[in-house]
file final25.txt (compact mmCIF, C-alpha atoms)
# COMPACT_ATOMS: atom_id res chain seq x y z
CA MET A 41 20.84 51.94 92.13
CA GLN A 42 21.00 53.08 88.53
CA ASN A 43 18.27 51.81 86.25
CA LYS A 44 19.90 49.46 83.80
CA TYR A 45 16.72 47.40 83.48
CA ARG A 46 13.79 47.73 81.08
CA ILE A 47 11.04 47.59 83.65
CA GLY A 48 7.70 49.35 83.46
CA PRO A 49 4.25 49.21 81.76
CA TYR A 50 5.73 47.89 78.52
CA PHE A 51 3.77 46.19 75.79
CA PRO A 52 5.14 42.62 75.97
CA SER A 53 7.73 41.80 73.35
CA LEU A 54 6.36 39.46 70.70
CA ASP A 55 9.69 37.95 69.72
CA LYS A 56 11.66 37.68 72.98
CA PRO A 57 10.84 36.19 76.40
CA VAL A 58 9.70 38.71 79.01
CA VAL A 59 9.25 38.75 82.79
CA TYR A 60 5.80 39.61 84.16
CA CYS A 61 5.58 41.24 87.59
CA MET A 62 2.17 42.72 88.40
CA VAL A 63 2.18 44.54 91.75
CA GLY A 64 -0.83 46.41 93.16
CA ASP A 65 0.99 49.73 93.54
CA GLU A 66 -1.07 51.94 91.23
CA PRO A 67 -1.94 54.19 94.25
CA LEU A 68 1.80 54.99 94.46
CA MET A 69 2.05 56.48 90.96
CA PHE A 70 1.88 60.04 92.35
CA LEU A 71 3.05 59.87 95.96
CA PRO A 72 5.18 57.59 98.19
CA LYS A 73 3.32 55.58 100.79
CA GLU A 74 4.25 57.87 103.69
CA LEU A 75 2.45 60.80 102.04
CA LEU A 76 -0.80 59.02 101.18
CA ASN A 77 -4.01 60.21 102.77
CA ARG A 78 -6.44 57.86 104.50
CA LYS A 79 -8.47 57.17 101.37
CA GLN A 80 -5.36 56.50 99.30
CA LEU A 81 -3.98 54.15 101.95
CA ASN A 82 -7.26 52.25 101.99
CA HIS A 83 -7.05 51.94 98.21
CA LEU A 84 -3.45 50.73 98.43
CA ASN A 85 -4.48 48.08 100.95
CA MET A 86 -7.36 47.02 98.70
CA MET A 87 -5.06 46.76 95.68
CA ARG A 88 -2.67 44.57 97.67
CA TYR A 89 -5.12 41.72 97.07
CA GLY A 90 -7.26 43.18 94.30
CA ILE A 91 -4.34 42.88 91.88
CA LEU A 92 -3.91 39.12 92.40
CA PRO A 93 -6.50 37.83 89.86
CA TYR A 94 -5.05 40.36 87.41
CA ALA A 95 -1.50 39.17 88.04
CA MET A 96 -2.51 35.55 87.53
CA ALA A 97 -4.01 36.45 84.15
CA THR A 98 -0.47 36.82 82.82
CA VAL A 99 -0.14 33.03 82.97
CA PRO A 100 -2.65 32.07 80.25
CA PHE A 101 -1.46 34.77 77.84
CA SER A 102 2.24 34.13 78.50
CA ASN A 103 4.56 32.36 76.08
CA GLU A 104 6.37 29.19 77.12
CA ASN A 105 9.76 30.89 77.65
CA ASP A 106 8.44 33.85 79.67
CA LYS A 107 8.95 34.18 83.42
CA ILE A 108 6.21 35.17 85.85
CA VAL A 109 6.47 36.52 89.40
CA LEU A 110 3.36 36.02 91.52
CA ASP A 111 2.51 36.89 95.10
CA ALA A 112 3.40 34.11 97.56
CA GLU A 113 -0.22 34.20 98.78
CA PHE A 114 -1.04 31.83 95.91
CA ILE A 115 0.90 29.08 97.71
CA ASN A 116 -1.84 29.08 100.35
CA MET A 117 -4.35 27.90 97.72
CA GLN A 118 -2.04 25.66 95.72
CA THR A 119 -4.71 23.10 94.79
CA PHE A 120 -7.06 25.75 93.41
CA PHE A 121 -4.11 27.33 91.59
CA GLU A 122 -3.15 24.02 89.99
CA ASP A 123 -6.79 23.43 89.07
CA HIS A 124 -6.60 26.63 87.02
CA LEU A 125 -3.40 25.46 85.32
CA ASP A 126 -5.13 22.19 84.44
CA CYS A 127 -7.95 24.18 82.83
CA TYR A 128 -5.42 26.14 80.78
CA LYS A 129 -3.93 22.87 79.53
CA LEU A 130 -7.35 21.43 78.71
CA SER A 131 -8.21 24.58 76.76
CA GLY A 132 -5.31 23.83 74.42
CA ILE A 133 -3.14 26.87 75.09
CA ASN A 134 0.60 26.88 75.68
CA PHE A 135 1.83 28.98 78.58
CA SER A 136 4.86 29.46 80.82
CA LYS A 137 5.42 27.04 83.69
CA ASN A 138 8.32 29.23 84.89
CA ILE A 139 6.41 30.77 87.80
CA HIS A 140 8.18 32.30 90.81
CA PHE A 141 6.42 33.13 94.08
CA SER A 142 7.57 36.03 96.23
CA PRO A 143 6.34 38.17 99.14
CA SER A 144 4.58 41.18 97.63
CA GLU A 145 7.14 43.69 98.93
CA LEU A 146 9.98 41.77 97.23
CA MET A 147 8.34 41.02 93.89
CA TYR A 148 10.17 43.73 91.91
CA GLN A 149 13.52 42.59 93.26
CA GLU A 150 12.64 38.98 92.43
CA ALA A 151 11.78 39.98 88.87
CA ILE A 152 15.13 41.72 88.52
CA ASN A 153 16.98 38.76 90.04
CA ILE A 154 15.50 36.23 87.60
CA SER A 155 15.67 38.45 84.50
CA ASP A 156 18.34 37.96 81.87
CA HIS A 157 20.52 40.80 80.60
CA ASP A 158 18.38 43.48 78.93
CA GLN A 159 15.23 41.37 79.30
CA MET A 160 11.96 43.29 79.35
CA ILE A 161 10.13 43.27 82.71
CA CYS A 162 6.44 44.20 82.41
CA SER A 163 4.84 45.90 85.41
CA VAL A 164 1.45 47.57 85.82
CA CYS A 165 2.86 51.08 86.06
CA PHE A 166 5.72 53.34 87.12
CA SER A 167 5.40 53.82 90.88
CA HIS A 168 7.24 55.04 93.95
CA ALA A 169 7.41 51.41 95.09
CA LEU A 170 9.30 50.53 91.92
CA ASN A 171 11.45 53.61 92.42
CA ASP A 172 12.45 52.26 95.84
CA THR A 173 13.91 49.24 94.05
CA ILE A 174 15.58 50.93 91.08
CA ASN A 175 16.00 54.53 89.98
CA ILE A 176 13.08 55.46 87.70
CA ASN A 177 12.81 59.13 88.68
CA ASP A 178 12.63 60.34 85.06
CA GLN A 179 9.97 57.80 84.09
CA LEU A 180 8.05 58.56 87.27
CA ASP A 181 7.90 62.27 86.41
CA VAL A 182 6.62 61.45 82.92
CA SER A 183 4.06 59.03 84.35
CA LYS A 184 2.69 61.63 86.80
CA LYS A 185 2.08 64.08 83.98
CA ALA A 186 0.66 61.45 81.63
CA ASN A 187 -1.80 60.17 84.27
CA SER A 188 -2.76 63.60 85.59
CA LYS A 189 -6.46 64.41 85.47
CA LEU A 190 -5.60 68.11 85.68
CA HIS A 191 -3.06 67.96 82.85
CA LEU A 192 -5.63 66.23 80.63
CA ILE A 193 -8.19 69.00 81.17
CA ALA A 194 -5.70 71.89 81.02
CA ASN A 195 -4.53 70.91 77.53
CA ALA A 196 -7.86 69.93 75.96
CA ASN A 197 -8.59 73.21 74.18
CA ALA A 198 -5.05 73.77 72.94
CA ARG A 199 -4.72 70.17 71.67
CA ASN A 200 -8.28 70.09 70.31
CA TYR A 201 -9.68 66.98 71.98
CA GLN A 202 -13.12 66.90 73.56
CA VAL A 203 -13.67 66.47 77.30
CA PRO A 204 -16.85 67.04 79.32
CA LEU A 205 -17.40 70.64 80.43
CA SER A 206 -14.69 71.11 83.06
CA TYR A 207 -13.08 73.71 85.31
CA ILE A 208 -9.81 73.61 87.23
CA VAL A 209 -10.20 75.24 90.65
CA SER A 210 -7.89 75.64 93.61
CA LYS A 211 -8.71 74.58 97.15
CA GLU A 212 -8.50 78.26 98.13
CA GLU A 213 -11.09 79.26 95.50
CA ILE A 214 -13.43 76.49 96.63
CA LEU A 215 -13.25 77.64 100.24
CA GLN A 216 -13.67 81.31 99.31
CA LYS A 217 -16.72 80.84 97.08
CA ARG A 218 -18.35 78.17 99.21
CA ASN A 219 -21.94 77.53 98.05
CA ALA A 220 -21.69 80.30 95.44
CA LEU A 221 -19.25 78.07 93.60
CA PHE A 222 -22.16 75.96 92.42
CA ASN A 223 -23.77 78.90 90.65
CA ASP A 224 -21.01 78.52 88.04
CA TYR A 225 -21.29 74.78 87.46
CA PRO A 226 -23.80 72.26 86.10
CA HIS A 227 -26.24 70.58 88.49
CA GLU A 228 -24.81 67.09 87.92
CA THR A 229 -21.16 67.53 88.90
CA LEU A 230 -18.06 65.43 89.50
CA CYS A 231 -14.91 66.40 91.36
CA LYS A 232 -11.65 64.80 90.23
CA ALA A 233 -8.23 64.89 91.85
CA ASP A 234 -4.80 63.54 91.00
CA GLY A 235 -3.33 60.82 93.17
CA LEU A 236 -5.15 57.63 92.20
CA GLY A 237 -5.78 56.07 88.81
CA GLY A 238 -9.03 55.49 86.94
CA GLY A 239 -12.33 56.11 88.74
CA PHE A 240 -10.72 56.45 92.16
CA ASN A 241 -10.42 60.10 93.28
CA VAL A 242 -13.60 60.83 91.32
CA PHE A 243 -16.58 61.89 93.43
CA GLU A 244 -20.12 62.96 92.66
CA ILE A 245 -20.90 66.21 94.47
CA LYS A 246 -24.21 68.01 94.99
CA ASN A 247 -23.35 70.77 97.45
CA PHE A 248 -20.53 72.56 99.21
CA ASP A 249 -20.44 70.10 102.12
CA ASP A 250 -19.95 67.16 99.71
CA LEU A 251 -17.07 68.99 98.09
CA THR A 252 -15.28 70.05 101.25
CA ASN A 253 -15.64 66.56 102.72
CA GLU A 254 -13.75 65.21 99.73
CA ILE A 255 -11.05 67.86 99.32
CA ASP A 256 -10.24 67.76 103.03
CA ASN A 257 -8.77 64.30 102.37
CA PHE A 258 -6.02 65.79 100.20
CA ASN A 259 -3.05 67.34 101.96
CA HIS A 260 -0.76 67.33 98.92
CA VAL A 261 -3.24 68.40 96.25
CA ASP A 262 -4.11 72.06 95.72
CA GLN A 263 -6.10 71.93 92.47
CA PHE A 264 -9.16 69.93 91.47
CA VAL A 265 -11.24 69.35 88.35
CA ILE A 266 -14.93 70.21 88.56
CA GLN A 267 -16.63 68.42 85.66
CA LYS A 268 -20.12 68.03 84.29
CA LYS A 269 -21.47 64.53 84.79
CA LEU A 270 -22.62 63.15 81.46
CA ASP A 271 -25.80 61.16 81.03
CA LYS A 272 -24.69 57.57 80.43
CA SER A 273 -28.04 56.70 78.88
CA ILE A 274 -26.93 58.78 75.87
CA TYR A 275 -23.36 57.48 75.64
CA THR A 276 -21.51 54.19 75.90
CA GLU A 277 -18.34 53.97 77.98
CA PHE A 278 -15.37 52.39 76.24
CA ALA A 279 -11.81 51.59 77.29
CA ILE A 280 -9.43 51.82 74.33
CA ASP A 281 -5.87 50.48 74.49
CA PHE A 282 -2.94 51.88 72.55
CA ILE A 283 0.76 51.05 72.35
CA MET A 284 2.81 54.23 72.78
CA LYS A 285 6.02 53.92 70.75
CA ASP A 286 8.72 56.38 69.76
CA SER A 287 7.65 55.76 66.17
CA GLY A 288 3.93 56.41 66.78
CA CYS A 289 0.75 55.23 68.51
CA GLU A 290 -0.76 51.86 67.62
CA PHE A 291 -4.37 50.89 68.32
CA TYR A 292 -4.64 47.58 70.22
CA SER A 293 -8.12 46.97 71.65
CA ALA A 294 -11.52 48.57 72.34
CA ARG A 295 -14.10 47.21 74.76
CA LYS A 296 -17.11 48.36 76.75
CA LYS A 297 -16.62 48.95 80.46
CA LEU A 298 -18.65 47.24 83.15
CA THR A 299 -18.96 49.41 86.25
CA TRP A 300 -20.84 49.13 89.51
CA ASN A 301 -20.97 51.88 92.13
CA ASN A 302 -18.72 53.88 89.79
CA GLN A 303 -15.98 51.24 89.88
CA TRP A 304 -14.77 48.88 87.16
CA PHE A 305 -15.49 45.18 87.56
CA GLY A 306 -15.10 43.90 84.01
CA ASN A 307 -15.37 44.43 80.27
CA LEU A 308 -17.58 43.41 77.38
CA PHE A 309 -15.61 42.48 74.27
CA GLU A 310 -17.56 42.54 71.03
CA PRO A 311 -16.30 41.47 67.60
CA ASN A 312 -15.38 44.08 65.01
CA ILE A 313 -15.76 47.23 67.10
CA LYS A 314 -15.07 50.10 64.72
CA LEU A 315 -14.40 53.76 65.46
CA ASN A 316 -15.80 56.43 63.16
CA ASP A 317 -13.87 59.48 61.93
CA ILE A 318 -15.14 61.73 64.74
CA GLN A 319 -13.92 59.26 67.36
CA LYS A 320 -10.61 58.57 65.63
CA ASN A 321 -9.78 62.27 65.21
CA ASN A 322 -10.57 63.04 68.84
CA LEU A 323 -8.42 60.14 70.02
CA ASP A 324 -5.57 61.12 67.68
CA ASN A 325 -5.51 64.61 69.16
CA CYS A 326 -5.52 63.22 72.69
CA LEU A 327 -2.74 60.77 71.83
CA ASN A 328 -0.64 63.61 70.41
CA HIS A 329 -1.06 65.38 73.75
CA LEU A 330 0.00 62.19 75.55
CA ARG A 331 3.07 61.79 73.34
CA GLU A 332 4.14 65.33 74.33
CA THR A 333 4.32 64.22 77.98
CA GLY A 334 7.09 61.79 76.96
CA TYR A 335 5.10 58.63 77.66
CA VAL A 336 6.64 56.71 74.75
CA SER A 337 9.40 54.16 74.36
CA LYS A 338 11.11 52.20 71.61
CA ASP A 339 9.31 48.98 72.58
CA GLY A 340 6.06 50.72 73.45
CA TYR A 341 4.20 51.45 76.68
CA VAL A 342 0.61 50.33 77.26
CA CYS A 343 -1.94 53.11 77.57
CA CYS A 344 -5.73 53.09 77.95
CA ILE A 345 -8.05 56.00 77.20
CA ASP A 346 -11.51 55.90 78.77
CA VAL A 347 -14.22 57.61 76.73
CA LEU A 348 -17.96 58.18 76.62
CA GLN A 349 -19.20 58.18 73.04
CA ASN A 350 -22.03 57.79 70.58
CA ASP A 351 -22.02 58.09 66.80
CA SER A 352 -21.79 61.90 66.81
CA GLU A 353 -19.80 62.70 69.97
CA GLN A 354 -16.87 61.41 71.99
CA TYR A 355 -15.55 62.74 75.30
CA ILE A 356 -12.23 61.80 76.88
CA LEU A 357 -12.70 60.89 80.54
CA GLU A 358 -9.32 59.56 81.64
CA ILE A 359 -5.86 58.72 80.41
CA ASN A 360 -4.49 55.64 82.15
CA ALA A 361 -0.80 55.55 81.25
CA ARG A 362 -0.32 52.02 82.57
CA TRP A 363 -1.66 48.51 82.04
CA SER A 364 -5.44 48.87 82.08
CA GLY A 365 -8.01 46.64 83.75
CA GLY A 366 -9.00 44.83 80.57
CA PHE A 367 -5.60 44.65 78.89
CA PRO A 368 -4.75 41.07 80.02
CA ILE A 369 -8.01 39.80 78.48
CA ALA A 370 -7.34 41.71 75.26
CA LYS A 371 -3.86 40.18 75.20
CA PHE A 372 -5.27 36.69 75.77
CA LEU A 373 -7.89 37.05 73.01
CA ASN A 374 -5.16 38.32 70.69
CA LYS A 375 -2.92 35.38 71.59
CA ILE A 376 -5.56 32.80 70.68
CA ASN A 377 -6.54 34.84 67.60
CA TYR A 378 -10.17 34.96 68.74
CA GLN A 379 -12.29 36.10 65.80
CA ALA A 380 -15.67 34.47 66.49
CA ASP A 381 -18.90 36.46 66.49
CA ALA A 382 -19.73 35.59 70.10
CA LYS A 383 -19.28 38.35 72.68
CA VAL A 384 -16.85 37.85 75.55
CA THR A 385 -17.75 39.07 79.02
CA ALA A 386 -14.70 39.18 81.29
CA TYR A 387 -15.67 40.11 84.83
CA MET A 388 -14.96 39.65 88.53
CA ASP A 389 -17.28 37.51 90.64
CA TYR A 390 -17.24 35.74 94.02
CA ILE A 391 -17.39 32.05 94.90
CA ASN A 392 -18.19 30.74 98.36
CA LEU A 393 -15.30 28.74 99.83
CA SER A 394 -17.53 25.69 100.19
CA GLU A 395 -18.23 25.72 96.43
CA LEU A 396 -14.72 26.04 94.98
CA LYS A 397 -14.64 22.37 93.95
CA ASN A 398 -18.03 22.79 92.27
CA TYR A 399 -16.71 25.88 90.51
CA ILE A 400 -13.80 23.98 88.94
CA GLU A 401 -16.14 21.15 87.90
CA PHE A 402 -18.50 23.70 86.33
CA VAL A 403 -15.63 25.37 84.49
CA LYS A 404 -14.31 22.07 83.13
CA GLN A 405 -17.78 21.05 81.95
CA ASN A 406 -18.17 24.32 80.05
CA LEU A 407 -14.54 25.12 79.27
CA PHE A 408 -13.66 27.29 76.31
CA THR A 409 -11.00 25.71 74.10
CA ILE A 410 -9.02 27.22 71.24
CA SER A 411 -11.01 24.99 68.86
CA ASP A 412 -14.27 26.75 69.83
CA LYS A 413 -14.45 29.04 66.80
CA ASN A 414 -18.26 29.14 66.48
CA ILE A 415 -20.32 29.23 69.67
CA VAL A 416 -24.01 28.94 68.86
CA SER A 417 -26.32 31.75 69.98
CA ASN A 418 -27.95 29.87 72.85
CA ASP A 419 -24.70 28.43 74.23
CA TYR A 420 -21.74 29.67 76.25
CA LYS A 421 -18.21 28.64 77.22
CA VAL A 422 -16.12 29.82 80.17
CA PHE A 423 -12.45 30.37 80.85
CA PRO A 424 -11.01 30.85 84.39
CA THR A 425 -8.60 33.76 83.96
CA GLY A 426 -7.46 33.97 87.58
CA PHE A 427 -8.46 34.35 91.23
CA CYS A 428 -7.49 35.99 94.50
CA PRO A 429 -6.10 33.44 97.00
CA VAL A 430 -7.14 35.55 100.00
CA ALA A 431 -10.77 34.95 100.98
CA ASP A 432 -13.04 37.78 102.11
CA ASN A 433 -16.27 36.97 103.98
CA ASN A 434 -15.74 33.29 103.11
CA LYS A 435 -15.63 34.08 99.40
CA VAL A 436 -12.89 33.99 96.78
CA CYS A 437 -12.81 36.55 93.99
CA VAL A 438 -12.49 34.97 90.53
CA TRP A 439 -11.88 36.58 87.14
CA ILE A 440 -13.82 34.64 84.55
CA CYS A 441 -14.38 35.00 80.80
CA VAL A 442 -17.78 34.03 79.45
CA PHE A 443 -17.85 33.42 75.71
CA GLY A 444 -21.31 33.62 74.14
CA ASN A 445 -24.76 33.79 75.72
CA PHE A 446 -24.45 35.48 79.10
CA ASP A 447 -28.14 34.94 79.96
CA GLU A 448 -27.66 31.19 79.65
CA PHE A 449 -24.53 31.41 81.78
CA THR A 450 -26.34 33.40 84.48
CA ASN A 451 -29.26 30.96 84.51
CA SER A 452 -26.85 28.02 84.78
CA VAL A 453 -24.91 29.36 87.77
CA ALA A 454 -28.15 30.41 89.49
CA SER A 455 -29.41 26.82 89.27
CA GLN A 456 -26.12 25.12 90.21
CA PHE A 457 -24.72 27.36 92.98
CA SER A 458 -26.02 28.91 96.17
CA GLU A 459 -26.99 32.57 96.40
CA ALA A 460 -23.65 33.18 98.12
CA SER A 461 -21.79 32.54 94.84
CA PHE A 462 -21.84 34.44 91.53
CA THR A 463 -23.33 37.52 93.18
CA MET A 464 -22.04 39.79 90.40
CA ALA A 465 -23.46 37.77 87.49
CA LYS A 466 -26.86 39.45 87.52
CA ILE A 467 -25.23 42.88 87.71
CA ALA A 468 -23.08 42.06 84.70
CA GLN A 469 -26.12 40.64 82.91
CA LYS A 470 -27.88 44.00 82.76
CA TYR A 471 -25.18 45.35 80.42
CA HIS A 472 -26.14 42.81 77.78
CA HIS A 473 -29.77 43.96 77.90
CA PHE A 474 -28.75 47.63 77.94
CA TYR A 475 -26.59 47.29 74.82

call {"tool": "encode", "arguments": {"input": "final25.txt", "output": "structure tokens"}}
result
Amino acid sequence: MQNKYRIGPYFPSLDKPVVYCMVGDEPLMFLPKELLNRKQLNHLNMMRYGILPYAMATVPFSNENDKIVLDAEFINMQTFFEDHLDCYKLSGINFSKNIHFSPSELMYQEAINISDHDQMICSVCFSHALNDTININDQLDVSKKANSKLHLIANANARNYQVPLSYIVSKEEILQKRNALFNDYPHETLCKADGLGGGFNVFEIKNFDDLTNEIDNFNHVDQFVIQKKLDKSIYTEFAIDFIMKDSGCEFYSARKKLTWNNQWFGNLFEPNIKLNDIQKNNLDNCLNHLRETGYVSKDGYVCCIDVLQNDSEQYILEINARWSGGFPIAKFLNKINYQADAKVTAYMDYINLSELKNYIEFVKQNLFTISDKNIVSNDYKVFPTGFCPVADNNKVCVWICVFGNFDEFTNSVASQFSEASFTMAKIAQKYHHFY
């Protein structure tokens, strides 16, 4: 089928209705499902449900005339879903009620079926799953290059952007040099491979056995990045969103990343984050490199650059040429024109099935509304961004925004819920003390 549709990781049109269709197919950006290795297949299976709170987040930031395609799994928790919609109404926001439910494997087709002529369809990324529905071969080739960890490192010197000390090595060279390979590299070392986005396919390695155990997983990858691991006590990790247009690159949002066991679980949004000239120049050079891959469009694609930085240095870690983990929250805060001084912590946590009713009551008692312009320093408000309707170990994953004092929030949930719920709150709390 020829691609006559505008479907991909577009920045949502501000003046025309769009269709949102968030599918957990990021692991298929580089390879079709039949060529994935065991680790990649496990990640694909995890994203099948991991994407669901993210997909639901399109509802609160949508406009009334937009259309939204969600996984049919939400029907199995219809009451909890409608409880969230009630909270959105109580918060004072307008959003689309035009929600369509579909089996996950048919969501792209459903989005196409309900779209109007030339209507923008926003997806997380360009993937082989999308390519099975419509022909996006050209966009897929661009996406592979734009998201490539190897391409980022290979062009750093020529395009004059800073990355951590890195080497590109082949599988053959690794096997030939064996332990001697580590004579050439720093003690604290990461190995990176193409095939999965973000922090996936990034491994800490300390010896030859660690390295071979990881590279043995990759049948369709011949080259790897060996990179110095930077000391995160010296730098702060940021995710910075841009809109990649034919006419140029536009800054959209910057936020601190919350990670646990090397994986993202949320973001810390602070008011008035500013980049200095060193940081801006480094990002500009990296964005020029990204533009050369062809990852631009008239309407603009979403892109996120992950960096480690302090006032005097900035290092590019990843280019995520897709919708990033924190983009829906940035879009929501932009929609409500949030300009208060209170920080916003948007993170994933877990609620025991027996406490879901209590969770909704807690949210409604402390609900953020669009009239909450000044949250006092010892107070907090919450907003229920979304949830996963498939329970794991008798718990439901929720995506929640906490506006204001996170210590007070953590103390409140500790006193009102069992230890089985809000298990990630204390982990998120440490970031507030660290910063």

call {"tool": "closest_residue", "arguments": {"input": "final25.txt", "among": "A:Ile161, A:Cys441, A:Leu323, A:Ile376", "to": "Lys413 in chain A", "atoms": "all atoms listed in the file"}}
result
A:Ile376

call {"tool": "residues_near_point", "arguments": {"input": "final25.txt", "point": "(-3.1, 41.8, 94.2)", "cutoff": "10 Å", "atoms": "only C-alpha atoms", "output": "ChimeraX atom specification"}}
result
/A:62-65,84-96,110-111,113,144,427-430

call {"tool": "residues_around", "arguments": {"input": "final25.txt", "residues": "Gln149 in chain A", "least_positions_apart": "2", "cutoff": "12 Å", "atoms": "all atoms listed in the file", "output": "number ranges by chain"}}
result
A: 41, 45, 47, 59, 61, 63, 109, 140-147, 151-155, 161, 169-174

call {"tool": "atom_distance", "arguments": {"input": "final25.txt", "atom1": "CA of Arg295 in chain A", "atom2": "CA of Ile193 in chain A"}}
result
23.5 Å

call {"tool": "residues_around", "arguments": {"input": "final25.txt", "residues": "Ala468 in chain A", "least_positions_apart": "3", "cutoff": "12 Å", "atoms": "only C-alpha atoms", "output": "PyMOL selection string"}}
result
chain A and resi 296-300+304-308+384-389+440-442+446-447+449-450+462-465+471-475

call {"tool": "closest_atom_pairs", "arguments": {"input": "final25.txt", "of": "range 109-204 of chain A", "to": "range 335-352 of chain A", "cutoff": "9 Å", "atoms": "all atoms listed in the file", "output": "CSV"}}
result
residue,atom,partner,partner_atom,distance
A:Gln179,CA,A:Tyr335,CA,8.1
A:Val182,CA,A:Tyr335,CA,6.2
A:Ser183,CA,A:Tyr335,CA,6.8
A:Lys185,CA,A:Tyr335,CA,8.9
A:Ala186,CA,A:Tyr335,CA,6.6
A:Val203,CA,A:Val347,CA,8.9

call {"tool": "closest_residue", "arguments": {"input": "final25.txt", "among": "A:Gln267, A:Asn223, A:Ser163, A:Asn257", "to": "Ser206 in chain A", "atoms": "only C-alpha atoms"}}
result
A:Gln267

call {"tool": "atom_distance", "arguments": {"input": "final25.txt", "atom1": "CA of Asp412 in chain A", "atom2": "CA of Phe443 in chain A"}}
result
9.6 Å

call {"tool": "closest_residue", "arguments": {"input": "final25.txt", "among": "A:Ile410, A:Leu180, A:Leu357, A:Leu330", "to": "Lys375 in chain A", "atoms": "all atoms listed in the file"}}
result
A:Ile410

call {"tool": "closest_residue", "arguments": {"input": "final25.txt", "among": "A:Pro311, A:Asn451, A:Lys246, A:Lys79", "to": "Asn377 in chain A", "atoms": "only C-alpha atoms"}}
result
A:Pro311

call {"tool": "closest_residue", "arguments": {"input": "final25.txt", "among": "A:Tyr207, A:Phe367, A:Phe135, A:Tyr399", "to": "Ser293 in chain A", "atoms": "all atoms listed in the file"}}
result
A:Phe367

call {"tool": "residues_around", "arguments": {"input": "final25.txt", "residues": "Ser458 in chain A", "least_positions_apart": "2", "cutoff": "10 Å", "atoms": "all atoms listed in the file", "output": "mmCIF file with C-alpha atoms, keeping the file's coordinate frame"}}
result
data_model
loop_
_atom_site.group_PDB
_atom_site.id
_atom_site.type_symbol
_atom_site.label_atom_id
_atom_site.label_comp_id
_atom_site.auth_asym_id
_atom_site.auth_seq_id
_atom_site.Cartn_x
_atom_site.Cartn_y
_atom_site.Cartn_z
ATOM 1 C CA ILE A 391 -17.390 32.050 94.900
ATOM 2 C CA ASN A 392 -18.190 30.740 98.360
ATOM 3 C CA SER A 394 -17.530 25.690 100.190
ATOM 4 C CA GLU A 395 -18.230 25.720 96.430
ATOM 5 C CA VAL A 453 -24.910 29.360 87.770
ATOM 6 C CA ALA A 454 -28.150 30.410 89.490
ATOM 7 C CA SER A 455 -29.410 26.820 89.270
ATOM 8 C CA GLN A 456 -26.120 25.120 90.210
ATOM 9 C CA ALA A 460 -23.650 33.180 98.120
ATOM 10 C CA SER A 461 -21.790 32.540 94.840
ATOM 11 C CA PHE A 462 -21.840 34.440 91.530
ATOM 12 C CA THR A 463 -23.330 37.520 93.180
#

call {"tool": "atom_distance", "arguments": {"input": "final25.txt", "atom1": "CA of Ser417 in chain A", "atom2": "CA of Asn312 in chain A"}}
result
17.2 Å

call {"tool": "residues_near_point", "arguments": {"input": "final25.txt", "point": "(-13.0, 58.5, 91.2)", "cutoff": "12 Å", "atoms": "only C-alpha atoms", "output": "PyMOL selection string"}}
result
chain A and resi 79-80+83+189+230-245+254+265+267+299+301-304+357-358

call {"tool": "closest_residue", "arguments": {"input": "final25.txt", "among": "A:Ser210, A:Ser452, A:Ser136, A:Asn82", "to": "Pro100 in chain A", "atoms": "only C-alpha atoms"}}
result
A:Ser136

call {"tool": "closest_atom_pairs", "arguments": {"input": "final25.txt", "of": "range 196-296 of chain A", "to": "range 51-57 of chain A", "cutoff": "10 Å", "atoms": "all atoms listed in the file", "output": "tab-separated table"}}
result
residue	atom	partner	partner_atom	distance
A:Phe282	CA	A:Phe51	CA	9.4
A:Ile283	CA	A:Phe51	CA	6.7
A:Met284	CA	A:Phe51	CA	8.6
A:Lys285	CA	A:Phe51	CA	9.5
